[in-house]
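Peer 1: entry-v3.txt is the file, holding compact mmCIF, C-alpha atoms and all ligand atoms:
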# COMPACT_ATOMS: atom_id res chain seq x y z
CA MET A 17 113.50 88.69 106.79
CA ASP A 18 114.67 85.28 107.97
CA SER A 19 112.48 82.17 107.90
CA ILE A 20 111.34 82.75 111.50
CA ASP A 21 109.99 86.18 110.57
CA LYS A 22 108.49 84.96 107.31
CA LEU A 23 106.60 82.12 109.00
CA THR A 24 105.51 84.42 111.80
CA GLU A 25 104.00 86.77 109.23
CA ILE A 26 102.10 83.85 107.67
CA PHE A 27 100.68 82.63 110.99
CA LYS A 28 99.67 86.19 111.89
CA GLU A 29 97.24 86.08 108.97
CA PHE A 30 95.39 83.14 110.55
CA PRO A 31 92.04 84.11 112.12
CA GLY A 32 92.43 85.24 115.71
CA ILE A 33 96.24 84.87 115.80
CA GLY A 34 98.43 87.74 116.95
CA GLU A 35 102.18 88.29 116.80
CA ARG A 36 102.97 86.45 120.04
CA GLN A 37 100.94 83.36 119.21
CA ALA A 38 102.35 83.32 115.69
CA ARG A 39 105.86 83.26 117.13
CA ARG A 40 104.91 80.45 119.49
CA PHE A 41 103.78 78.40 116.49
CA VAL A 42 107.11 78.97 114.77
CA TYR A 43 109.07 77.89 117.86
CA PHE A 44 106.79 74.88 118.24
CA LEU A 45 107.65 73.86 114.67
CA MET A 46 111.36 74.33 115.34
CA PHE A 47 111.20 71.65 118.03
CA LYS A 48 109.42 69.18 115.78
CA ASN A 49 111.33 66.72 113.61
CA GLY A 50 111.63 66.82 109.83
CA GLU A 51 108.93 64.22 109.32
CA TYR A 52 106.43 66.42 111.14
CA ALA A 53 107.27 69.37 108.92
CA SER A 54 107.07 67.42 105.67
CA ASN A 55 103.79 65.84 106.71
CA LEU A 56 102.39 69.28 107.52
CA SER A 57 103.46 70.80 104.23
CA ARG A 58 102.19 67.80 102.28
CA LEU A 59 98.77 68.05 103.94
CA VAL A 60 98.53 71.76 103.20
CA LEU A 61 99.24 71.09 99.52
CA GLU A 62 96.80 68.17 99.44
CA LEU A 63 94.10 70.34 100.96
CA LYS A 64 94.55 72.93 98.25
CA LYS A 65 94.45 70.26 95.56
CA GLU A 66 91.34 68.47 96.85
CA VAL A 67 89.29 71.45 97.85
CA THR A 68 86.99 73.30 95.51
CA GLN A 69 84.48 76.09 95.93
CA CYS A 70 80.83 75.26 95.38
CA LYS A 71 79.47 77.40 92.57
CA GLU A 72 76.05 77.53 94.21
CA CYS A 73 76.74 78.46 97.83
CA PHE A 74 80.47 79.33 97.61
CA ARG A 75 81.50 77.03 100.44
CA PHE A 76 84.72 75.09 100.17
CA PHE A 77 84.38 71.32 100.06
CA LEU A 78 86.40 68.24 99.21
CA ALA A 79 85.68 67.58 95.56
CA SER A 80 88.06 64.67 95.15
CA LYS A 81 85.28 62.16 95.82
CA THR A 82 82.42 63.78 93.95
CA LYS A 83 84.21 65.30 90.93
CA THR A 84 81.64 68.06 90.67
CA ASN A 85 81.68 71.73 91.57
CA ILE A 86 78.39 71.65 93.44
CA CYS A 87 78.65 70.62 97.08
CA ASP A 88 76.74 67.84 98.83
CA ILE A 89 74.39 70.31 100.56
CA CYS A 90 73.40 72.11 97.36
CA SER A 91 73.02 68.87 95.44
CA ASN A 92 70.96 67.17 98.15
CA PRO A 93 67.49 66.53 96.65
CA SER A 94 65.76 66.71 100.04
CA ILE A 95 66.97 70.22 100.84
CA ASP A 96 64.29 72.88 101.43
CA THR A 97 64.68 75.18 98.42
CA THR A 98 62.20 77.73 99.73
CA MET A 99 64.70 78.98 102.31
CA LEU A 100 68.09 80.60 101.85
CA MET A 101 70.35 81.39 104.80
CA ILE A 102 72.99 84.02 104.21
CA ILE A 103 76.06 83.67 106.36
CA GLU A 104 79.49 85.20 106.63
CA LYS A 105 81.86 82.25 106.32
CA ASP A 106 82.37 78.51 105.94
CA SER A 107 82.78 77.79 109.65
CA ASP A 108 79.37 79.39 110.34
CA LEU A 109 77.76 77.13 107.78
CA GLU A 110 79.37 74.13 109.42
CA SER A 111 77.92 75.05 112.86
CA VAL A 112 74.41 75.53 111.52
CA GLN A 113 74.67 72.33 109.48
CA LYS A 114 75.89 70.34 112.50
CA SER A 115 73.09 71.66 114.70
CA ARG A 116 70.48 70.18 112.31
CA VAL A 117 68.06 73.01 113.12
CA TYR A 118 67.92 74.24 109.53
CA SER A 119 67.35 72.30 106.33
CA GLY A 120 67.33 74.99 103.66
CA LYS A 121 69.93 76.34 101.28
CA TYR A 122 72.92 78.49 102.16
CA PHE A 123 74.87 81.33 100.65
CA ILE A 124 78.27 82.39 101.94
CA LEU A 125 78.68 86.14 101.66
CA GLY A 126 82.43 85.94 102.13
CA GLY A 127 82.83 88.46 104.94
CA LEU A 128 81.19 91.20 106.95
CA VAL A 129 80.85 94.77 105.80
CA PRO A 130 82.96 97.12 107.93
CA ILE A 131 81.08 100.19 109.16
CA VAL A 132 83.53 102.62 107.61
CA GLU A 133 84.10 101.34 104.14
CA LYS A 134 83.31 102.73 100.74
CA THR A 135 84.40 99.85 98.52
CA THR A 136 82.14 97.22 99.99
CA LYS A 137 81.35 95.44 96.76
CA SER A 138 84.87 94.18 96.33
CA ARG A 139 84.68 92.39 99.67
CA VAL A 140 81.38 90.55 99.75
CA ARG A 141 79.45 88.60 97.12
CA ILE A 142 76.46 90.88 96.91
CA GLU A 143 76.11 90.72 93.11
CA GLU A 144 76.39 86.93 93.13
CA LEU A 145 73.72 86.87 95.83
CA LYS A 146 71.36 89.06 93.81
CA ASN A 147 71.82 86.80 90.79
CA LYS A 148 71.13 83.73 92.86
CA ILE A 149 67.89 85.20 94.17
CA LYS A 150 66.85 86.36 90.70
CA ASN A 151 67.31 82.88 89.27
CA ASN A 152 65.60 81.00 92.08
CA ALA A 153 61.90 80.49 91.45
CA SER A 154 61.05 78.54 94.59
CA LEU A 155 62.60 80.90 97.13
CA GLN A 156 60.18 82.23 99.77
CA GLU A 157 62.35 83.32 102.66
CA ILE A 158 65.83 84.71 103.19
CA ILE A 159 67.41 84.43 106.63
CA LEU A 160 70.30 86.73 107.44
CA ALA A 161 72.56 85.04 109.98
CA PHE A 162 75.51 87.20 110.92
CA SER A 163 77.27 87.49 114.26
CA ILE A 164 75.75 89.81 116.85
CA SER A 165 78.25 92.64 116.68
CA PRO A 166 78.22 96.18 115.27
CA GLN A 167 79.79 94.83 112.08
CA GLY A 168 77.26 91.99 111.89
CA ASP A 169 74.39 94.47 112.35
CA HIS A 170 75.84 96.73 109.72
CA THR A 171 76.13 93.83 107.28
CA ASP A 172 72.54 92.87 108.03
CA GLN A 173 71.36 96.39 107.14
CA TYR A 174 73.57 96.55 104.08
CA VAL A 175 72.28 93.26 102.67
CA ARG A 176 68.68 94.24 103.42
CA SER A 177 69.01 97.52 101.58
CA GLU A 178 70.79 95.91 98.63
CA LEU A 179 68.13 93.20 98.34
CA LYS A 180 65.12 95.39 99.04
CA GLU A 181 64.10 95.87 95.43
CA ILE A 182 64.31 92.21 94.47
CA VAL A 183 62.66 90.79 97.59
CA ASP A 184 59.81 93.30 97.28
CA LEU A 185 59.39 92.40 93.65
CA LYS A 186 59.42 88.65 94.24
CA LYS A 187 57.51 88.90 97.55
CA ILE A 188 60.24 87.09 99.46
CA LYS A 189 60.23 87.33 103.24
CA ILE A 190 63.49 88.51 104.77
CA SER A 191 64.34 87.87 108.42
CA SER A 192 67.38 88.00 110.71
CA LEU A 193 68.65 85.54 113.26
CA GLY A 194 69.59 87.13 116.45
CA LYS A 195 66.94 87.34 119.14
CA GLY A 196 68.18 84.06 120.56
CA LEU A 197 71.83 85.03 120.33
CA SER A 198 73.45 87.34 122.84
CA THR A 199 75.63 90.29 121.92
CA GLY A 200 79.08 89.36 120.75
CA THR A 201 78.01 85.87 119.76
CA GLU A 202 79.84 84.33 116.87
CA LEU A 203 77.66 81.96 114.92
CA GLU A 204 80.43 79.40 114.66
CA TYR A 205 80.66 79.02 118.45
CA SER A 206 76.94 78.77 119.10
CA ASP A 207 75.49 75.56 120.49
CA ASN A 208 72.47 73.75 119.04
CA ASP A 209 69.93 75.15 121.51
CA THR A 210 71.10 78.70 120.92
CA LEU A 211 70.87 78.25 117.18
CA ARG A 212 67.46 76.62 117.44
CA ASN A 213 66.15 79.56 119.52
CA ALA A 214 67.72 82.12 117.23
CA LEU A 215 66.08 80.47 114.24
CA LYS A 216 62.71 80.21 115.96
CA ASN A 217 62.84 83.86 117.01
CA ARG A 218 64.06 85.25 113.72
CA GLN A 219 62.43 88.49 112.65
ZN ZN I 1 77.01 74.42 97.88
Since I need it in another form, could you write the structure as structure tokens?
Peer 2:
Amino acid sequence: MDSIDKLTEIFKEFPGIGERQARRFVYFLMFKNGEYASNLSRLVLELKKEVTQCKECFRFFLASKTKTNICDICSNPSIDTTMLMIIEKDSDLESVQKSRVYSGKYFILGGLVPIVEKTTKSRVRIEELKNKIKNNASLQEIILAFSISPQGDHTDQYVRSELKEIVDLKKIKISSLGKGLSTGTELEYSDNDTLRNALKNRQ
């Protein structure tokens, strides 16, 4: 494999990028000067150095300023601790956070559960989620907010069944976003009104 192929393979791993686009990125980089390339590689390394994963919600955040491993959302004293929104990934959290329609806590599951898959537990943070719920005395409602797709629906059902025992025991309400979102909607691309409606119509 030459460096063109190696870089193409790396770009192909990016979300939503196929072989052809990956190759276009490589050719784009070939036309750029050395300064561009060294700046890019420096920023990638800096990102890895400055970023840490919140031990409460599992989102990635820039820890260089705060020097803690709890993010600014989780450490915000005015956050509504009675609500916990469970989402697939960081970019979904960012959309909901930007829309300002929700002021509770978050938990990033780390992925969706594919319909045909036996080893689910290795993929998503279901045990971490159960622990979080167990250790949270003020929690009253859990909102499942996955994309409206067969995989999102499947994940919704999976999380509900995994949490059933504990939410029944602790009398926690569990609801799903979705009525306000249309089929195929990715949470990260939803606008504020859509998110507001989806949250209002959760069930
Ligand atoms: Zn956090």
Peer 1: Name the residues in contact with region 86-88 of chain A at a cut-off of 7 Å, using all atoms listed in the file, excluding same-chain residues fewer than 3 positions from it; report them as a list in words.
Peer 2: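 The contact residues come out as Cys70, Lys71, Glu72, Phe77, Ser91 and Asn92 of chain A.
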Peer 1: What does the structure give for the distance between CA of Phe41 (chain A) and CA of Leu61 (chain A), in Å to one decimal?
Peer 2: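 Pair CA of Phe41 (chain A) / CA of Leu61 (chain A) returns 19.0 Å.
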Peer 1: Using only C-alpha atoms and all ligand atoms for the distances, tell me which of A:Gly127, A:Gly168, A:Gly120, A:Gly32 is nearest to ligand ZN 1 (chain I).
Peer 2: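 With only C-alpha atoms and all ligand atoms as the atom set, the closest residue is A:Gly120.
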Peer 1: Would you mind listing what lies within 9 Å of Lys121 (chain A) as a PDB file with C-alpha atoms, keeping the file's coordinate frame, with only C-alpha atoms counted and same-chain residues fewer than 2 positions away left out?
Peer 2:
ATOM      1  CA  CYS A  73      76.740  78.460  97.830  1.00  0.00           C
ATOM      2  CA  ILE A  89      74.390  70.310 100.560  1.00  0.00           C
ATOM      3  CA  CYS A  90      73.400  72.110  97.360  1.00  0.00           C
ATOM      4  CA  ILE A  95      66.970  70.220 100.840  1.00  0.00           C
ATOM      5  CA  ASP A  96      64.290  72.880 101.430  1.00  0.00           C
ATOM      6  CA  THR A  97      64.680  75.180  98.420  1.00  0.00           C
ATOM      7  CA  THR A  98      62.200  77.730  99.730  1.00  0.00           C
ATOM      8  CA  MET A  99      64.700  78.980 102.310  1.00  0.00           C
ATOM      9  CA  LEU A 100      68.090  80.600 101.850  1.00  0.00           C
ATOM     10  CA  MET A 101      70.350  81.390 104.800  1.00  0.00           C
ATOM     11  CA  ILE A 102      72.990  84.020 104.210  1.00  0.00           C
ATOM     12  CA  TYR A 118      67.920  74.240 109.530  1.00  0.00           C
ATOM     13  CA  SER A 119      67.350  72.300 106.330  1.00  0.00           C
ATOM     14  CA  PHE A 123      74.870  81.330 100.650  1.00  0.00           C
TER      15      PHE A 123
END
Peer 1: With distances taken over only C-alpha atoms, which residue among A:Leu155, A:Ile20, A:Leu56, A:Val129 lies nearest Val42 (chain A)?
Peer 2: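 Closest to Val42 (chain A), using only C-alpha atoms: A:Ile20.
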Peer 1: Please report the interatomic distance between CA of Lys48 (chain A) and CA of Ile26 (chain A) in Å with one decimal.
Peer 2: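 So the two atoms, CA of Lys48 (chain A) and CA of Ile26 (chain A), lie 18.3 Å apart.
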Peer 1: Please measure the separation of CA of Arg212 (chain A) and CA of Asn151 (chain A), giving the value in Å to one decimal.
Peer 2: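 Here the two named atoms are 28.9 Å from each other.
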Peer 1: Show me, as AutoDock Vina command-line options, the centre and edge lengths in Å to one decimal of the axis-aligned box that covers every listed atom of region 88-104 of chain A with 4 Å on each side.
Peer 2:
--center_x 70.8 --center_y 75.9 --center_z 101.0 --size_x 25.3 --size_y 26.7 --size_z 19.2
Peer 1: Tell me, counting all atoms listed in the file, for each residue of region 79-160 of chain A within 6 Å of region 177-190 of chain A, which pair of atoms is nearest and how far apart they are in Å to one decimal, in rows ordered by chain and increasing number, as a Markdown table.
Peer 2:
| residue | atom | partner | partner_atom | distance |
| --- | --- | --- | --- | --- |
| A:Gln156 | CA | A:Ile188 | CA | 4.9 |
| A:Glu157 | CA | A:Lys189 | CA | 4.6 |
| A:Ile158 | CA | A:Ile190 | CA | 4.7 |
| A:Ile159 | CA | A:Ile190 | CA | 6.0 |
Peer 1: Given the choices A:Thr84, A:Asn49, A:Asn152, A:Ser111, which gets closest to Thr210 (chain A) if the distance is worked out from all atoms listed in the file?
Peer 2: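 When distances to Thr210 (chain A) are compared using all atoms listed in the file, the smallest one comes from A:Ser111.
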Peer 1: Which residue gives the smallest distance to ligand ZN 1 (chain I) among A:Ile142, A:Leu109, A:Ala38, A:Leu193, with all atoms listed in the file counted?
Peer 2: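 Closest to ligand ZN 1 (chain I), using all atoms listed in the file: A:Leu109.
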Peer 1: Considering all atoms listed in the file, return as a VMD selection string whatever protein or nucleic-acid residues lie within 9 Å of Pro166 (chain A), sequence-local ones (same chain, fewer than 4 positions apart) excluded.
Peer 2: chain A and resid 130 to 131 170 to 171 200
Peer 1: For ligand ZN 1 (chain I), which residue out of A:Leu215, A:Val175, A:Ile124, A:Ala161 is the nearest one, using all atoms listed in the file?
Peer 2: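 Closest to ligand ZN 1 (chain I), using all atoms listed in the file: A:Ile124.
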Peer 1: Which residue out of A:Glu143, A:Glu29, A:Asp106, A:Asp21 has the minimum interatomic distance to ligand ZN 1 (chain I) when only C-alpha atoms and all ligand atoms are used?
Peer 2: A:Asp106
Peer 1: Which neighbours of Lys105 (chain A) fall inside 12 Å, counting all atoms listed in the file, when residues of the same chain fewer than 6 positions from it are skipped, and could you give them as a list of chain:residue names?
Peer 2: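 Within the cut-off, the hits are A:Pro31, A:Cys73, A:Phe74, A:Arg75, A:Phe76, A:Ser111, A:Val112, A:Tyr122, A:Phe123, A:Ile124, A:Leu125, A:Gly126, A:Gly127, A:Leu128, A:Val140, A:Arg141, A:Ala161, A:Phe162, A:Ser163, A:Glu202, A:Leu203, A:Glu204.
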Peer 1: May I have the residues within 10 Å of Leu78 (chain A) as a list in words, using only C-alpha atoms and disregarding those fewer than 3 positions away in the same chain?
Peer 2: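 Neighbouring residues, sequence-local ones excluded: Leu63, Lys64, Lys65, Glu66, Val67, Thr68, Gln69, Cys70, Lys81, Thr82, Lys83, Thr84, Asn85, Cys87 and Asp88 of chain A.
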